[in-house]
Amino acid sequence: MSQLQPKRIILHCGVHKTGSTYLQRNLQASRDKLLDQGILYFGPQTIKKRCPGLWKYLQWGRSDNKPKTLLRNQILSVSTELAGEEALGNIHTILVSFESIFGTLRAGLTTKDRRNPANKENQPGLYRYSRRRVRRLMEAFEVALSTKSIQWSICFANRESDDFIRSCHVQLIKEGHEIASLSHDDFVQNTDFAHAEKNKLIDELSALKKNRMINIIPFSYDKNIDRSDPCVYLNNFIKIIMPELAEQIQPILINDIESNNSNKTFNPGISDRGIEIAKEARPIFTKQEWKLFRKFLQKNFTKGI
């Protein structure tokens, strides 16, 4: 049996455009100090780059199939690499933060070149398959840890609807998807956000409580941010997901922010003029060229606060 036997796993599921990248950058920068407190952090790059089997299973695995031994070994191997063999037994909490746990913007809101996966999860609608995806992620960790006696916390931010929809549209424009040609009004009319509503997500996730100990924690992005001080959001986030450890964790993160100069906004929005330029320019560039042009947009047409 592995020495890794956490009592709790926290899934921070985003959602998109609610400051997840800012939180993840700072959690990543403080990974070692979080380990000292018994918290093992899994961020987006850990899942996508170091645990590709986990990412593949989250994306495409059949919800009625159990994760394979290879996936179990991968999770344990990466956990050991991140924590060190000697520290595994001291870990009481695994914190997973990834805004694509519920689903990706591209899969939920675009239609071009849509795959036809074996799990039949190919219908549009942002976060339509949130319950299935979260269940697969839970199954993977349960198999890796050889137990279902885990206290799960599933937390996600919610945002004022109009702002959330607009931000998602701008993000798809920045990424260069074909939906960029739509006006905002047409985008609203042609996309399905019903499954991304807070109460709908709560209902979907509540169905997972049948055989597990699960605490669902939605929180308001708008009520927990201070645009003049991003640290406020980080502090509030820790208090929401780990209230009993907040007083000892918050100073660690804030000290690292000050020493690493990481108190800034990542993946910024772009101005209306930048959006116009992006729409006009997209047909000109290849996908590879667009990556460079996107950096130009974000540098020169950042939306003012």
# chains A, B, ... in the order shown; residues from 1 in each chain; ligands from 1
>>> residues_around(residues="Asn199 of chain A", least_positions_apart="3", cutoff="12 Å", atoms="only C-alpha atoms", output="PyMOL selection string")
chain A and resi 156+158+194-196+202-206+216-219
>>> closest_atom_pairs(of="segment 228-298 of chain A", to="segment 36-58 of chain A", cutoff="10 Å", atoms="only C-alpha atoms", output="tab-separated table")
residue	atom	partner	partner_atom	distance
A:Leu245	CA	A:Gln37	CA	9.1
A:Gln248	CA	A:Gln37	CA	8.6
A:Ile249	CA	A:Gln37	CA	7.9
>>> residues_around(residues="segment 25-35 of chain A", least_positions_apart="4", cutoff="12 Å", atoms="only C-alpha atoms", output="ChimeraX atom specification")
/A:12,19-21,39-46,79-84,86-98,230-231,233-235,237-238,245-246,248-267
>>> atom_distance(atom1="atom CA of Thr69 of chain A", atom2="atom CA of Arg136 of chain A")
14.4 Å
>>> select_by_dssp(residues="segment 24-240 of chain A", states="strand (DSSP E or B)", output="PyMOL selection string")
chain A and resi 39-42+93-97+151-158+213-220
>>> atom_distance(atom1="atom CA of Gly269 of chain A", atom2="atom CA of Thr302 of chain A")
5.9 Å
>>> atom_distance(atom1="atom CA of Ile241 of chain A", atom2="atom CA of Thr104 of chain A")
22.7 Å
>>> closest_residue(among="A:Leu76, A:Leu70, A:Ala157, A:Leu172", to="Val15 of chain A", atoms="only C-alpha atoms")
A:Ala157
>>> closest_residue(among="A:Leu71, A:His184, A:Glu85, A:Asp162", to="Glu139 of chain A", atoms="only C-alpha atoms")
A:Leu71
>>> residues_around(residues="Ile165 of chain A", least_positions_apart="5", cutoff="9 Å", atoms="only C-alpha atoms", output="list of chain:residue names")
A:Glu160, A:Val170, A:Phe187, A:Val188, A:Phe193
>>> closest_residue(among="A:Ile154, A:Leu137, A:Ala281, A:Ile9", to="Trp60 of chain A", atoms="only C-alpha atoms")
A:Leu137
>>> residues_around(residues="segment 123-130 of chain A", least_positions_apart="2", cutoff="9 Å", atoms="only C-alpha atoms", output="ChimeraX atom specification")
/A:101-111,114,120-121,132-135,191-196,201,204-205
>>> select_by_dssp(residues="segment 111-282 of chain A", states="helix (DSSP H, G or I)", output="PyMOL selection string")
chain A and resi 130-145+161-175+178-181+184-190+194-196+198-211+221-224+231-241+246-260+272-282
>>> closest_residue(among="A:Gly176, A:Glu276, A:Lys210, A:Lys198", to="Phe293 of chain A", atoms="only C-alpha atoms")
A:Gly176
>>> residues_around(residues="Glu280 of chain A", least_positions_apart="6", cutoff="12 Å", atoms="only C-alpha atoms", output="PDB file with C-alpha atoms, in the first residue's frame")
ATOM      1  CA  ILE A 173     -11.780  35.187 -29.806  1.00  0.00           C
ATOM      2  CA  GLY A 176      -8.737  32.158 -32.543  1.00  0.00           C
ATOM      3  CA  GLU A 178     -14.245  30.181 -35.649  1.00  0.00           C
ATOM      4  CA  ALA A 180     -14.869  34.772 -33.226  1.00  0.00           C
ATOM      5  CA  SER A 181     -16.794  35.857 -36.313  1.00  0.00           C
ATOM      6  CA  LEU A 182     -20.027  36.088 -34.319  1.00  0.00           C
ATOM      7  CA  ARG A 273     -10.546  47.734 -30.174  1.00  0.00           C
ATOM      8  CA  GLY A 274      -8.423  44.644 -29.623  1.00  0.00           C
TER       9      GLY A 274
END
>>> decode(residues="segment 212-247 of chain A", atoms="N, CA, C and O atoms", output="short mmCIF file (atom, residue, chain, number, x, y, z; two decimals), in the first residue's frame")
data_model
loop_
_atom_site.label_atom_id
_atom_site.label_comp_id
_atom_site.auth_asym_id
_atom_site.auth_seq_id
_atom_site.Cartn_x
_atom_site.Cartn_y
_atom_site.Cartn_z
N ARG A 212 -20.31 8.65 -1.63
CA ARG A 212 -19.10 9.37 -1.25
C ARG A 212 -19.44 10.47 -0.24
O ARG A 212 -20.56 10.93 -0.18
N MET A 213 -18.41 10.88 0.49
CA MET A 213 -18.54 12.03 1.39
C MET A 213 -18.11 13.27 0.61
O MET A 213 -16.92 13.46 0.34
N ILE A 214 -19.08 14.09 0.25
CA ILE A 214 -18.81 15.22 -0.64
C ILE A 214 -19.40 16.50 -0.07
O ILE A 214 -20.58 16.54 0.31
N ASN A 215 -18.60 17.53 -0.07
CA ASN A 215 -19.05 18.88 0.30
C ASN A 215 -18.93 19.76 -0.94
O ASN A 215 -17.83 19.92 -1.48
N ILE A 216 -20.03 20.30 -1.41
CA ILE A 216 -20.03 21.16 -2.60
C ILE A 216 -19.98 22.62 -2.15
O ILE A 216 -20.81 23.07 -1.37
N ILE A 217 -18.98 23.35 -2.67
CA ILE A 217 -18.73 24.71 -2.19
C ILE A 217 -18.71 25.69 -3.37
O ILE A 217 -17.65 25.95 -3.97
N PRO A 218 -19.85 26.24 -3.75
CA PRO A 218 -19.85 27.32 -4.74
C PRO A 218 -19.52 28.64 -4.04
O PRO A 218 -19.85 28.83 -2.87
N PHE A 219 -18.85 29.53 -4.74
CA PHE A 219 -18.58 30.85 -4.16
C PHE A 219 -18.59 31.90 -5.25
O PHE A 219 -18.34 31.62 -6.43
N SER A 220 -18.90 33.12 -4.86
CA SER A 220 -19.04 34.22 -5.81
C SER A 220 -17.68 34.83 -6.13
O SER A 220 -16.97 35.30 -5.24
N TYR A 221 -17.34 34.82 -7.40
CA TYR A 221 -16.12 35.49 -7.86
C TYR A 221 -16.24 36.99 -7.63
O TYR A 221 -15.33 37.64 -7.10
N ASP A 222 -17.37 37.56 -7.98
CA ASP A 222 -17.56 39.01 -7.90
C ASP A 222 -17.46 39.53 -6.47
O ASP A 222 -16.94 40.61 -6.23
N LYS A 223 -17.95 38.75 -5.51
CA LYS A 223 -17.96 39.21 -4.12
C LYS A 223 -16.63 38.98 -3.40
O LYS A 223 -16.42 39.50 -2.31
N ASN A 224 -15.74 38.21 -4.00
CA ASN A 224 -14.49 37.87 -3.32
C ASN A 224 -13.25 38.49 -3.95
O ASN A 224 -12.14 38.22 -3.51
N ILE A 225 -13.43 39.32 -4.97
CA ILE A 225 -12.28 39.97 -5.59
C ILE A 225 -12.21 41.43 -5.18
O ILE A 225 -13.19 42.03 -4.74
N ASP A 226 -11.02 41.97 -5.30
CA ASP A 226 -10.77 43.40 -5.17
C ASP A 226 -9.81 43.75 -6.30
O ASP A 226 -8.64 43.36 -6.27
N ARG A 227 -10.30 44.41 -7.32
CA ARG A 227 -9.50 44.64 -8.52
C ARG A 227 -8.26 45.48 -8.26
O ARG A 227 -7.32 45.48 -9.05
N SER A 228 -8.23 46.20 -7.14
CA SER A 228 -7.04 46.99 -6.81
C SER A 228 -6.01 46.17 -6.04
O SER A 228 -4.87 46.59 -5.88
N ASP A 229 -6.42 44.98 -5.56
CA ASP A 229 -5.52 44.15 -4.77
C ASP A 229 -5.87 42.68 -4.99
O ASP A 229 -6.70 42.11 -4.29
N PRO A 230 -5.20 42.01 -5.96
CA PRO A 230 -5.49 40.61 -6.25
C PRO A 230 -5.30 39.67 -5.07
O PRO A 230 -5.91 38.60 -5.01
N CYS A 231 -4.45 40.06 -4.11
CA CYS A 231 -4.22 39.21 -2.94
C CYS A 231 -5.50 38.93 -2.17
O CYS A 231 -5.63 37.90 -1.50
N VAL A 232 -6.45 39.86 -2.24
CA VAL A 232 -7.72 39.67 -1.54
C VAL A 232 -8.41 38.41 -2.03
O VAL A 232 -8.95 37.62 -1.24
N TYR A 233 -8.39 38.19 -3.33
CA TYR A 233 -9.04 37.01 -3.91
C TYR A 233 -8.34 35.73 -3.44
O TYR A 233 -9.00 34.75 -3.06
N LEU A 234 -7.02 35.74 -3.44
CA LEU A 234 -6.27 34.57 -2.99
C LEU A 234 -6.57 34.27 -1.52
O LEU A 234 -6.80 33.12 -1.15
N ASN A 235 -6.57 35.30 -0.69
CA ASN A 235 -6.87 35.11 0.73
C ASN A 235 -8.28 34.55 0.94
O ASN A 235 -8.50 33.63 1.74
N ASN A 236 -9.24 35.12 0.22
CA ASN A 236 -10.63 34.66 0.35
C ASN A 236 -10.78 33.22 -0.15
O ASN A 236 -11.54 32.43 0.43
N PHE A 237 -10.08 32.90 -1.22
CA PHE A 237 -10.14 31.55 -1.78
C PHE A 237 -9.67 30.52 -0.75
O PHE A 237 -10.33 29.49 -0.53
N ILE A 238 -8.55 30.78 -0.10
CA ILE A 238 -8.03 29.85 0.91
C ILE A 238 -9.01 29.72 2.08
O ILE A 238 -9.24 28.63 2.60
N LYS A 239 -9.59 30.84 2.48
CA LYS A 239 -10.55 30.81 3.60
C LYS A 239 -11.78 30.00 3.24
O LYS A 239 -12.36 29.32 4.09
N ILE A 240 -12.18 30.04 1.97
CA ILE A 240 -13.37 29.31 1.52
C ILE A 240 -13.11 27.80 1.45
O ILE A 240 -13.92 27.00 1.90
N ILE A 241 -11.97 27.41 0.89
CA ILE A 241 -11.74 25.98 0.66
C ILE A 241 -11.09 25.27 1.85
O ILE A 241 -11.26 24.06 2.01
N MET A 242 -10.33 26.03 2.67
CA MET A 242 -9.67 25.42 3.83
C MET A 242 -9.78 26.35 5.04
O MET A 242 -8.78 26.86 5.53
N PRO A 243 -10.99 26.59 5.52
CA PRO A 243 -11.17 27.58 6.59
C PRO A 243 -10.38 27.26 7.85
O PRO A 243 -9.90 28.16 8.53
N GLU A 244 -10.22 25.97 8.16
CA GLU A 244 -9.53 25.59 9.38
C GLU A 244 -8.02 25.80 9.31
O GLU A 244 -7.33 25.85 10.33
N LEU A 245 -7.49 25.95 8.08
CA LEU A 245 -6.05 26.15 7.89
C LEU A 245 -5.71 27.55 7.37
O LEU A 245 -4.53 27.84 7.15
N ALA A 246 -6.73 28.37 7.18
CA ALA A 246 -6.52 29.67 6.53
C ALA A 246 -5.49 30.53 7.24
O ALA A 246 -4.63 31.14 6.60
N GLU A 247 -5.55 30.60 8.56
CA GLU A 247 -4.65 31.50 9.29
C GLU A 247 -3.19 31.13 9.12
O GLU A 247 -2.32 32.01 9.15
#
